[in-house]
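Enquirer: Let me give you the structure first, and then I'll get to my questions.
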Amino acid sequence: MTGRRPLRIGNASGFYGDRFGAFEEMLTGGRLDVLTGDYLAELTMLILGRDRLKTPDLGYAKTFLRQLEEGLGLAHERGVRIVANAGGLNPAGLADAIRTLAAKVGVPVSVAHVEGDDLMPFAEGALTANAYLGGAGITACLRAGADVVVTGRVTDAALVSGPAAWWFDWAPDDYDRLAGAVVAGHVLECGTQATGGNYAFFTAHDVRRPGFPLAEIAEDGSSVITKHPGTGGVVSTGTVTAQLLYETQGPRYLGPDVTARLDTVRLAQAGPDRVEITGVAGEAPPPTLKVGVTRIGGWRNEVVFVLTGLDIEAKAALVRAQLADALSQVATADWSLARTDHEDAETEETASALLRLVVRDPSPDRVGRPLTSEAIELALASYPGFHVTTPPGPAQPYGVFTSSAIPATSVPHVAVLPDGTRHPVPRIPDTPSGPGTSARSAFEDRGAGGGAPAGSGAELRDGGPGAEPTVSGRGGVGESPAGPTARAPLGRVIGARSGDKGGDANIGVWVESDEAWEWLDRTLTVETLQTLLPETAGLPVTRHALPNLRALNFTLAGILGAGVASAHRFDPQAKALGEWLRARHLDIPTHLLPASEGTGP
């Protein structure tokens with residue numbers, strides 16, 4: 001297939017529950033060769049696991065099947081292949097359901113699926129256990145003529161790298177090319193986050209209804225990120241940088257097929273809504289695969305008390321004291337006071353603070369209605385103005401996500417071809433994943449996203465070994481060697497995007513100019529970050545620099561407890577940590593500050 005034209009591959013889903021109409025929009029909005037959909041996340045696996053407990057024939061993303069009711073015919077008419085991880089815990093069941101649907105709507109399509117990721121039964125108490133497979137199974141299915149390929153747990157980027165390897169007939173050790181496709185896949189995987197959604201500088205663009213992204217991948221692995229003509233949002237080096245930094249944890253982005261070096265990525269604006277990605281270097285993958293395990297961690301409940309007017313702290317102290325005996329038998333009880341109240345407020349709502357009580361216990365009885373009813377029984381016997389946001393409810397189960405690594409050779413990666421043939425996906429011989437890098441420890445440290453452990457260019461503080469920061473972190477907080485400064489929100493200069501990986505969070509920050517990068521790299525050390533974000537004090541925080549992107553990436557270990565499903569903190573997926581950082585004030589060189597609000601990369 002030497003000399004083939006670029007592959008045009010789009011995305012129509014970034015999560016289970018994304019815009020339903022995106023599937024049709026992408027199929028009708030312009031030319032595509034392949035359309036992908038990413039439906040799986042750590043929380044989704046827990047949801048699908050509970051679905052499977054109730055109905056063993058389910059365990060897949062039902063929304064995807066509904067999207068195919070119209071989408072199958074459109075894709076067939078236009079010659080578009082469909083690749084999605086909507087199979088979840090039951091890719092074979094979803095493949096059968098698609099065949100039934102195709103017969104019903106009269107569309108002749110061949111369907112294949114990828115399996116082997118499901119490792120259940122895995123360990124005591126596990127609800128789901130899935131290895132993160134690569135794209136080679138998808139490649140095999142497409143080579144066998146599949147029009148639709150559904151998978152279980154593959155890496156998000158595999159939905160793009162697998163079709164790219166099929167399109168160009170890449171070899172398994174074409175690491176630079178595969179790495180380029182993995183980077184393109186990482187940009188596409190979260191849908192409209194690449195086209196202006198959740199973008200720090202959203203006020204500079206029309207992002208009311210962003211279009212979904214697509215990539216034009218060349219034979220050498222380089223790509224152009226764009227979107228269909230006439231769709232909303234924006235594709236810029238800023239939006240692509242933001243997504244590249246999302247849920248990654250260092251310069252080495254480890255995957256089952258290749259290790260992509262994020263510190264080699266180069267971006268360039270190649271026209272309106274067109275960003276070119278070049279220079280991506282690849283290395284051999286590690287000999288292990290990540291395994292994500294979900295469990296029911298116990299039972300939780302919560303009550304939110306509204307405290308209005310004066311004496312907010314005293315009112316909160318009174319409630320805590322009144323419920324102390326009732327909470328003494330509960331495994332954990334966490335109180336948090338959100339000072340949303342304003343002095344001399346013009347509305348009752350803006351005069352009110354919120355006191356949140358979250359309780360967790362192995363037994364639903366100890367955190368059920370009897371406990372929450374005790375809180376309500378205080379209605380006439382507590383602080384003046386007592387009320388709560390919602391009536392007491394029953395205890396709800398919460399989930400726990402953990403990850404580990406297992407030898408890749410122990411996982412039976414299988415492509416089930418359209419004719420039913422079971423094709424084992426061979427594993428290339430193991431080779432080191434990078435200089436001085438233990439592949440196993442890297443996979444354990446990185447979460448699901450990728451990256452390097454401490455010692456591979458990382459700066460780790462407060463909780464593990466690693467290099468001391470090269471700068472004290474005080475520069476930029478009241479002083480700067482770069483000339484006159486002004487006190488201003490950090491977000492006047494930097495963009496940021498944050499997210500979750502298990503119990504960890506990452507914050508990626510970037511700037512637009514070389515001059516701003518020199519200041520950012522010197523100023524925003526681990527120590528400075530922890531000063532600006534006091535909730536991170538005492539946590540292991542790792543800092544990685546990505547000079548090609550003018551970006552820093554911070555990993556905050558353990559800030560999310562047992563992961564999103566445990567609802568450990570106010571923002572359980574750390575989606576707004578980056579915006580909190582941008583809202584904190586620093587002394588910033590005046591020549592770096594924009595002339596007006598709302599401008600940026």
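Chain lettering (A, B, ...) mirrors the order of the structure tokens, residue numbering begins at 1 for each chain separately, and ligand numbering begins at 1 in order of display.
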Do you know which residues are at most 10 Å from range 18-35 of chain A counting only C-alpha atoms, after dropping those on the same chain fewer than 6 positions away, and could you put them as a PyMOL selection string?
Expert: chain A and resi 6-12+63-64+66-68+70-72+74-75+77-84+147-148+159-160+163-164+167+190-192+211-216+227-231
Enquirer: Find the distance between CA of Ile428 in chain A and CA of Val154 in chain A and write it in Å to one decimal.
Expert: 17.5 Å
Enquirer: Which neighbours of Gly282 in chain A fall inside 6 Å, counting only C-alpha atoms, when residues of the same chain fewer than 4 positions from it are skipped, and could you give them as a VMD selection string?
Expert: chain A and resid 175 to 176 179 259 to 261
Enquirer: Write a file of the selected residues as a PDB file, in the first residue's frame, keeping all heavy atoms.
Expert:
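Result file part.pdb:
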```
ATOM      1  N   TYR A 175       7.678   1.837  14.883  1.00  0.00           N
ATOM      2  CA  TYR A 175       7.359   2.548  16.113  1.00  0.00           C
ATOM      3  C   TYR A 175       7.111   4.047  15.904  1.00  0.00           C
ATOM      4  O   TYR A 175       6.203   4.612  16.517  1.00  0.00           O
ATOM      5  CB  TYR A 175       8.463   2.337  17.148  1.00  0.00           C
ATOM      6  CG  TYR A 175       8.561   0.915  17.639  1.00  0.00           C
ATOM      7  CD1 TYR A 175       9.796   0.291  17.778  1.00  0.00           C
ATOM      8  CD2 TYR A 175       7.417   0.186  17.962  1.00  0.00           C
ATOM      9  CE1 TYR A 175       9.897  -1.017  18.232  1.00  0.00           C
ATOM     10  CE2 TYR A 175       7.506  -1.123  18.410  1.00  0.00           C
ATOM     11  CZ  TYR A 175       8.750  -1.718  18.544  1.00  0.00           C
ATOM     12  OH  TYR A 175       8.844  -3.009  18.989  1.00  0.00           O
ATOM     13  N   ASP A 176       7.900   4.700  15.071  1.00  0.00           N
ATOM     14  CA  ASP A 176       7.678   6.133  14.876  1.00  0.00           C
ATOM     15  C   ASP A 176       6.303   6.387  14.250  1.00  0.00           C
ATOM     16  O   ASP A 176       5.591   7.312  14.646  1.00  0.00           O
ATOM     17  CB  ASP A 176       8.773   6.734  13.994  1.00  0.00           C
ATOM     18  CG  ASP A 176      10.116   6.844  14.707  1.00  0.00           C
ATOM     19  OD1 ASP A 176      10.148   6.646  15.935  1.00  0.00           O
ATOM     20  OD2 ASP A 176      11.127   7.119  14.021  1.00  0.00           O
ATOM     21  N   ALA A 179       3.608   5.596  16.766  1.00  0.00           N
ATOM     22  CA  ALA A 179       3.561   6.634  17.797  1.00  0.00           C
ATOM     23  C   ALA A 179       2.848   7.873  17.283  1.00  0.00           C
ATOM     24  O   ALA A 179       2.078   8.513  18.019  1.00  0.00           O
ATOM     25  CB  ALA A 179       4.981   6.990  18.245  1.00  0.00           C
ATOM     26  N   THR A 259       5.592   2.968  22.648  1.00  0.00           N
ATOM     27  CA  THR A 259       5.772   4.063  23.600  1.00  0.00           C
ATOM     28  C   THR A 259       5.966   5.338  22.793  1.00  0.00           C
ATOM     29  O   THR A 259       6.957   5.464  22.061  1.00  0.00           O
ATOM     30  CB  THR A 259       6.986   3.820  24.503  1.00  0.00           C
ATOM     31  OG1 THR A 259       6.781   2.632  25.258  1.00  0.00           O
ATOM     32  CG2 THR A 259       7.216   4.991  25.446  1.00  0.00           C
ATOM     33  N   ALA A 260       5.026   6.265  22.884  1.00  0.00           N
ATOM     34  CA  ALA A 260       5.111   7.519  22.140  1.00  0.00           C
ATOM     35  C   ALA A 260       5.827   8.561  22.982  1.00  0.00           C
ATOM     36  O   ALA A 260       5.493   8.763  24.153  1.00  0.00           O
ATOM     37  CB  ALA A 260       3.717   8.009  21.760  1.00  0.00           C
ATOM     38  N   ARG A 261       6.785   9.227  22.393  1.00  0.00           N
ATOM     39  CA  ARG A 261       7.548  10.258  23.097  1.00  0.00           C
ATOM     40  C   ARG A 261       6.865  11.608  22.910  1.00  0.00           C
ATOM     41  O   ARG A 261       6.999  12.266  21.873  1.00  0.00           O
ATOM     42  CB  ARG A 261       8.978  10.301  22.561  1.00  0.00           C
ATOM     43  CG  ARG A 261       9.819   9.086  22.928  1.00  0.00           C
ATOM     44  CD  ARG A 261      10.043   8.986  24.425  1.00  0.00           C
ATOM     45  NE  ARG A 261      10.700  10.164  24.954  1.00  0.00           N
ATOM     46  CZ  ARG A 261      11.983  10.236  25.242  1.00  0.00           C
ATOM     47  NH1 ARG A 261      12.764   9.187  25.072  1.00  0.00           N
ATOM     48  NH2 ARG A 261      12.507  11.352  25.722  1.00  0.00           N
TER      49      ARG A 261
END
```
Enquirer: Which residue out of A:Ala353, A:Val493, A:Val304, A:Ala268 has the minimum interatomic distance to Pro391 in chain A when only C-alpha atoms are used?
Expert: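 Under the stated criterion, the closest residue is A:Val304.
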Enquirer: Using only C-alpha atoms, which residues sit within 6 Å of Leu89 in chain A once same-chain residues fewer than 4 positions away are excluded, as a PDB file with N, CA and C atoms, in the first residue's frame?
Expert:
```
ATOM      1  N   GLY A  59     -23.834  -5.392  29.343  1.00  0.00           N
ATOM      2  CA  GLY A  59     -22.423  -5.122  29.597  1.00  0.00           C
ATOM      3  C   GLY A  59     -21.766  -4.333  28.490  1.00  0.00           C
ATOM      4  N   TYR A  60     -22.548  -3.866  27.504  1.00  0.00           N
ATOM      5  CA  TYR A  60     -22.004  -3.011  26.454  1.00  0.00           C
ATOM      6  C   TYR A  60     -22.761  -1.688  26.436  1.00  0.00           C
ATOM      7  N   GLY A 152     -13.672  -4.548  23.436  1.00  0.00           N
ATOM      8  CA  GLY A 152     -13.810  -4.305  24.858  1.00  0.00           C
ATOM      9  C   GLY A 152     -12.810  -3.237  25.245  1.00  0.00           C
TER      10      GLY A 152
END
```
Enquirer: Restricting the calculation to only C-alpha atoms: of A:Ile217, A:Ala140, A:Leu546, A:Leu46, which residue gets closest to Ile296 in chain A?
Expert: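 The answer is A:Leu46, which sits nearest to Ile296 in chain A.
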Enquirer: Enumerate, as number ranges by chain, the complete set of residues in range 242-388 of chain A that a backbone-based DSSP assignment places in strand (DSSP E or B).
Expert: A: 249, 252-253, 259-261, 266-271, 274-278, 281-283, 288-308, 332-338, 352-361, 387-388
Enquirer: Report the distance between CA of Leu549 in chain A and CA of Ile277 in chain A in Å, rounded to one decimal place.
Expert: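 That distance, rounded to one decimal, is 11.1 Å.
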Enquirer: Rank A:Leu417, A:Ala41, A:Ala405, A:Val367 by their smallest atom-to-atom distance to Leu142 in chain A, using only C-alpha atoms, and report the top residue only.
Expert: A:Leu417
Enquirer: Residues of range 10-259 of chain A in alpha helix (DSSP H) according to DSSP, as a PyMOL selection string?
Expert: chain A and resi 22-28+42-54+62-78+91-105+136-143+158-168+175-188+237-245
Enquirer: Which of these residues is nearest to Gly197 in chain A, using only C-alpha atoms: A:Thr390, A:Thr239, A:Ser110, A:Thr409?
Expert: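 Smallest distance to Gly197 in chain A is found for A:Thr239.
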Enquirer: Considering only C-alpha atoms, return as a ChimeraX atom specification whatever protein or nucleic-acid residues lie within 7 Å of Arg487 in chain A, sequence-local ones (same chain, fewer than 6 positions apart) excluded.
Expert: /A:585-588
Enquirer: At a cut-off of 6 Å, using only C-alpha atoms, what residues contact range 331-344 of chain A? Leave out same-chain residues fewer than 2 positions from it and give the result as a PyMOL selection string.
Expert: chain A and resi 350-361
Enquirer: How about saving the chosen residues, all heavy atoms kept, as a PDB file, in the first residue's frame?
Expert:
```
ATOM      1  N   THR A 350     -26.983  34.061  47.716  1.00  0.00           N
ATOM      2  CA  THR A 350     -25.602  34.528  47.772  1.00  0.00           C
ATOM      3  C   THR A 350     -25.161  34.887  49.182  1.00  0.00           C
ATOM      4  O   THR A 350     -23.995  35.182  49.414  1.00  0.00           O
ATOM      5  CB  THR A 350     -25.404  35.741  46.843  1.00  0.00           C
ATOM      6  OG1 THR A 350     -26.334  36.778  47.200  1.00  0.00           O
ATOM      7  CG2 THR A 350     -25.614  35.356  45.390  1.00  0.00           C
ATOM      8  N   ALA A 351     -26.082  34.832  50.136  1.00  0.00           N
ATOM      9  CA  ALA A 351     -25.737  35.018  51.543  1.00  0.00           C
ATOM     10  C   ALA A 351     -25.475  33.686  52.242  1.00  0.00           C
ATOM     11  O   ALA A 351     -25.230  33.659  53.450  1.00  0.00           O
ATOM     12  CB  ALA A 351     -26.862  35.755  52.265  1.00  0.00           C
ATOM     13  N   SER A 352     -25.507  32.583  51.484  1.00  0.00           N
ATOM     14  CA  SER A 352     -25.486  31.249  52.097  1.00  0.00           C
ATOM     15  C   SER A 352     -24.224  30.472  51.766  1.00  0.00           C
ATOM     16  O   SER A 352     -23.686  30.554  50.656  1.00  0.00           O
ATOM     17  CB  SER A 352     -26.707  30.452  51.617  1.00  0.00           C
ATOM     18  OG  SER A 352     -27.901  31.111  51.986  1.00  0.00           O
ATOM     19  N   ALA A 353     -23.757  29.710  52.742  1.00  0.00           N
ATOM     20  CA  ALA A 353     -22.655  28.764  52.585  1.00  0.00           C
ATOM     21  C   ALA A 353     -23.223  27.344  52.628  1.00  0.00           C
ATOM     22  O   ALA A 353     -24.356  27.127  53.079  1.00  0.00           O
ATOM     23  CB  ALA A 353     -21.625  28.961  53.686  1.00  0.00           C
ATOM     24  N   LEU A 354     -22.427  26.386  52.170  1.00  0.00           N
ATOM     25  CA  LEU A 354     -22.867  24.992  52.121  1.00  0.00           C
ATOM     26  C   LEU A 354     -21.939  24.122  52.962  1.00  0.00           C
ATOM     27  O   LEU A 354     -20.726  24.096  52.736  1.00  0.00           O
ATOM     28  CB  LEU A 354     -22.887  24.487  50.676  1.00  0.00           C
ATOM     29  CG  LEU A 354     -23.808  25.241  49.710  1.00  0.00           C
ATOM     30  CD1 LEU A 354     -23.646  24.698  48.286  1.00  0.00           C
ATOM     31  CD2 LEU A 354     -25.266  25.146  50.152  1.00  0.00           C
ATOM     32  N   LEU A 355     -22.532  23.429  53.926  1.00  0.00           N
ATOM     33  CA  LEU A 355     -21.797  22.491  54.772  1.00  0.00           C
ATOM     34  C   LEU A 355     -22.163  21.076  54.328  1.00  0.00           C
ATOM     35  O   LEU A 355     -23.325  20.664  54.439  1.00  0.00           O
ATOM     36  CB  LEU A 355     -22.170  22.697  56.246  1.00  0.00           C
ATOM     37  CG  LEU A 355     -21.526  21.727  57.240  1.00  0.00           C
ATOM     38  CD1 LEU A 355     -20.004  21.902  57.276  1.00  0.00           C
ATOM     39  CD2 LEU A 355     -22.131  21.932  58.635  1.00  0.00           C
ATOM     40  N   ARG A 356     -21.180  20.349  53.829  1.00  0.00           N
ATOM     41  CA  ARG A 356     -21.424  19.029  53.230  1.00  0.00           C
ATOM     42  C   ARG A 356     -20.875  17.933  54.143  1.00  0.00           C
ATOM     43  O   ARG A 356     -19.715  17.974  54.559  1.00  0.00           O
ATOM     44  CB  ARG A 356     -20.757  18.959  51.858  1.00  0.00           C
ATOM     45  CG  ARG A 356     -20.972  17.670  51.083  1.00  0.00           C
ATOM     46  CD  ARG A 356     -20.363  17.828  49.691  1.00  0.00           C
ATOM     47  NE  ARG A 356     -20.570  16.657  48.858  1.00  0.00           N
ATOM     48  CZ  ARG A 356     -19.587  15.957  48.294  1.00  0.00           C
ATOM     49  NH1 ARG A 356     -18.316  16.317  48.502  1.00  0.00           N
ATOM     50  NH2 ARG A 356     -19.844  14.923  47.516  1.00  0.00           N
ATOM     51  N   LEU A 357     -21.730  16.967  54.450  1.00  0.00           N
ATOM     52  CA  LEU A 357     -21.340  15.783  55.201  1.00  0.00           C
ATOM     53  C   LEU A 357     -21.427  14.577  54.271  1.00  0.00           C
ATOM     54  O   LEU A 357     -22.481  14.308  53.690  1.00  0.00           O
ATOM     55  CB  LEU A 357     -22.253  15.576  56.408  1.00  0.00           C
ATOM     56  CG  LEU A 357     -22.150  14.211  57.107  1.00  0.00           C
ATOM     57  CD1 LEU A 357     -20.775  14.024  57.752  1.00  0.00           C
ATOM     58  CD2 LEU A 357     -23.260  14.047  58.147  1.00  0.00           C
ATOM     59  N   VAL A 358     -20.314  13.837  54.117  1.00  0.00           N
ATOM     60  CA  VAL A 358     -20.284  12.605  53.328  1.00  0.00           C
ATOM     61  C   VAL A 358     -19.863  11.471  54.255  1.00  0.00           C
ATOM     62  O   VAL A 358     -18.826  11.571  54.929  1.00  0.00           O
ATOM     63  CB  VAL A 358     -19.317  12.705  52.139  1.00  0.00           C
ATOM     64  CG1 VAL A 358     -19.282  11.393  51.368  1.00  0.00           C
ATOM     65  CG2 VAL A 358     -19.718  13.842  51.208  1.00  0.00           C
ATOM     66  N   VAL A 359     -20.666  10.425  54.285  1.00  0.00           N
ATOM     67  CA  VAL A 359     -20.369   9.273  55.137  1.00  0.00           C
ATOM     68  C   VAL A 359     -20.195   8.028  54.275  1.00  0.00           C
ATOM     69  O   VAL A 359     -20.877   7.852  53.257  1.00  0.00           O
ATOM     70  CB  VAL A 359     -21.487   9.043  56.179  1.00  0.00           C
ATOM     71  CG1 VAL A 359     -21.477  10.127  57.231  1.00  0.00           C
ATOM     72  CG2 VAL A 359     -22.864   8.975  55.511  1.00  0.00           C
ATOM     73  N   ARG A 360     -19.271   7.155  54.700  1.00  0.00           N
ATOM     74  CA  ARG A 360     -19.008   5.899  53.993  1.00  0.00           C
ATOM     75  C   ARG A 360     -18.853   4.785  55.006  1.00  0.00           C
ATOM     76  O   ARG A 360     -18.292   4.993  56.088  1.00  0.00           O
ATOM     77  CB  ARG A 360     -17.743   5.997  53.143  1.00  0.00           C
ATOM     78  CG  ARG A 360     -17.807   6.989  51.992  1.00  0.00           C
ATOM     79  CD  ARG A 360     -16.495   6.999  51.204  1.00  0.00           C
ATOM     80  NE  ARG A 360     -16.538   7.931  50.083  1.00  0.00           N
ATOM     81  CZ  ARG A 360     -16.292   9.218  50.171  1.00  0.00           C
ATOM     82  NH1 ARG A 360     -15.968   9.746  51.344  1.00  0.00           N
ATOM     83  NH2 ARG A 360     -16.351  10.001  49.104  1.00  0.00           N
ATOM     84  N   ASP A 361     -19.326   3.593  54.618  1.00  0.00           N
ATOM     85  CA  ASP A 361     -19.240   2.458  55.536  1.00  0.00           C
ATOM     86  C   ASP A 361     -19.434   1.167  54.742  1.00  0.00           C
ATOM     87  O   ASP A 361     -20.133   1.168  53.719  1.00  0.00           O
ATOM     88  CB  ASP A 361     -20.317   2.554  56.622  1.00  0.00           C
ATOM     89  CG  ASP A 361     -20.014   1.673  57.825  1.00  0.00           C
ATOM     90  OD1 ASP A 361     -20.404   0.497  57.792  1.00  0.00           O
ATOM     91  OD2 ASP A 361     -19.370   2.171  58.760  1.00  0.00           O
TER      92      ASP A 361
END
```
Enquirer: Quick one: everything within 10 Å of range 115-120 of chain A, counting only C-alpha atoms, minus sequence neighbours fewer than 4 positions away in the same chain. Send it as number ranges by chain.
Expert: A: 87-92, 126-133, 137, 150-154, 289, 291-293, 411-416, 422, 424
Enquirer: Suppose you want the space between CA of Asp169 in chain A and CA of Asp257 in chain A; what is it in Å?
Expert: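 Computing the Euclidean distance for CA of Asp169 in chain A and CA of Asp257 in chain A yields 14.6 Å.
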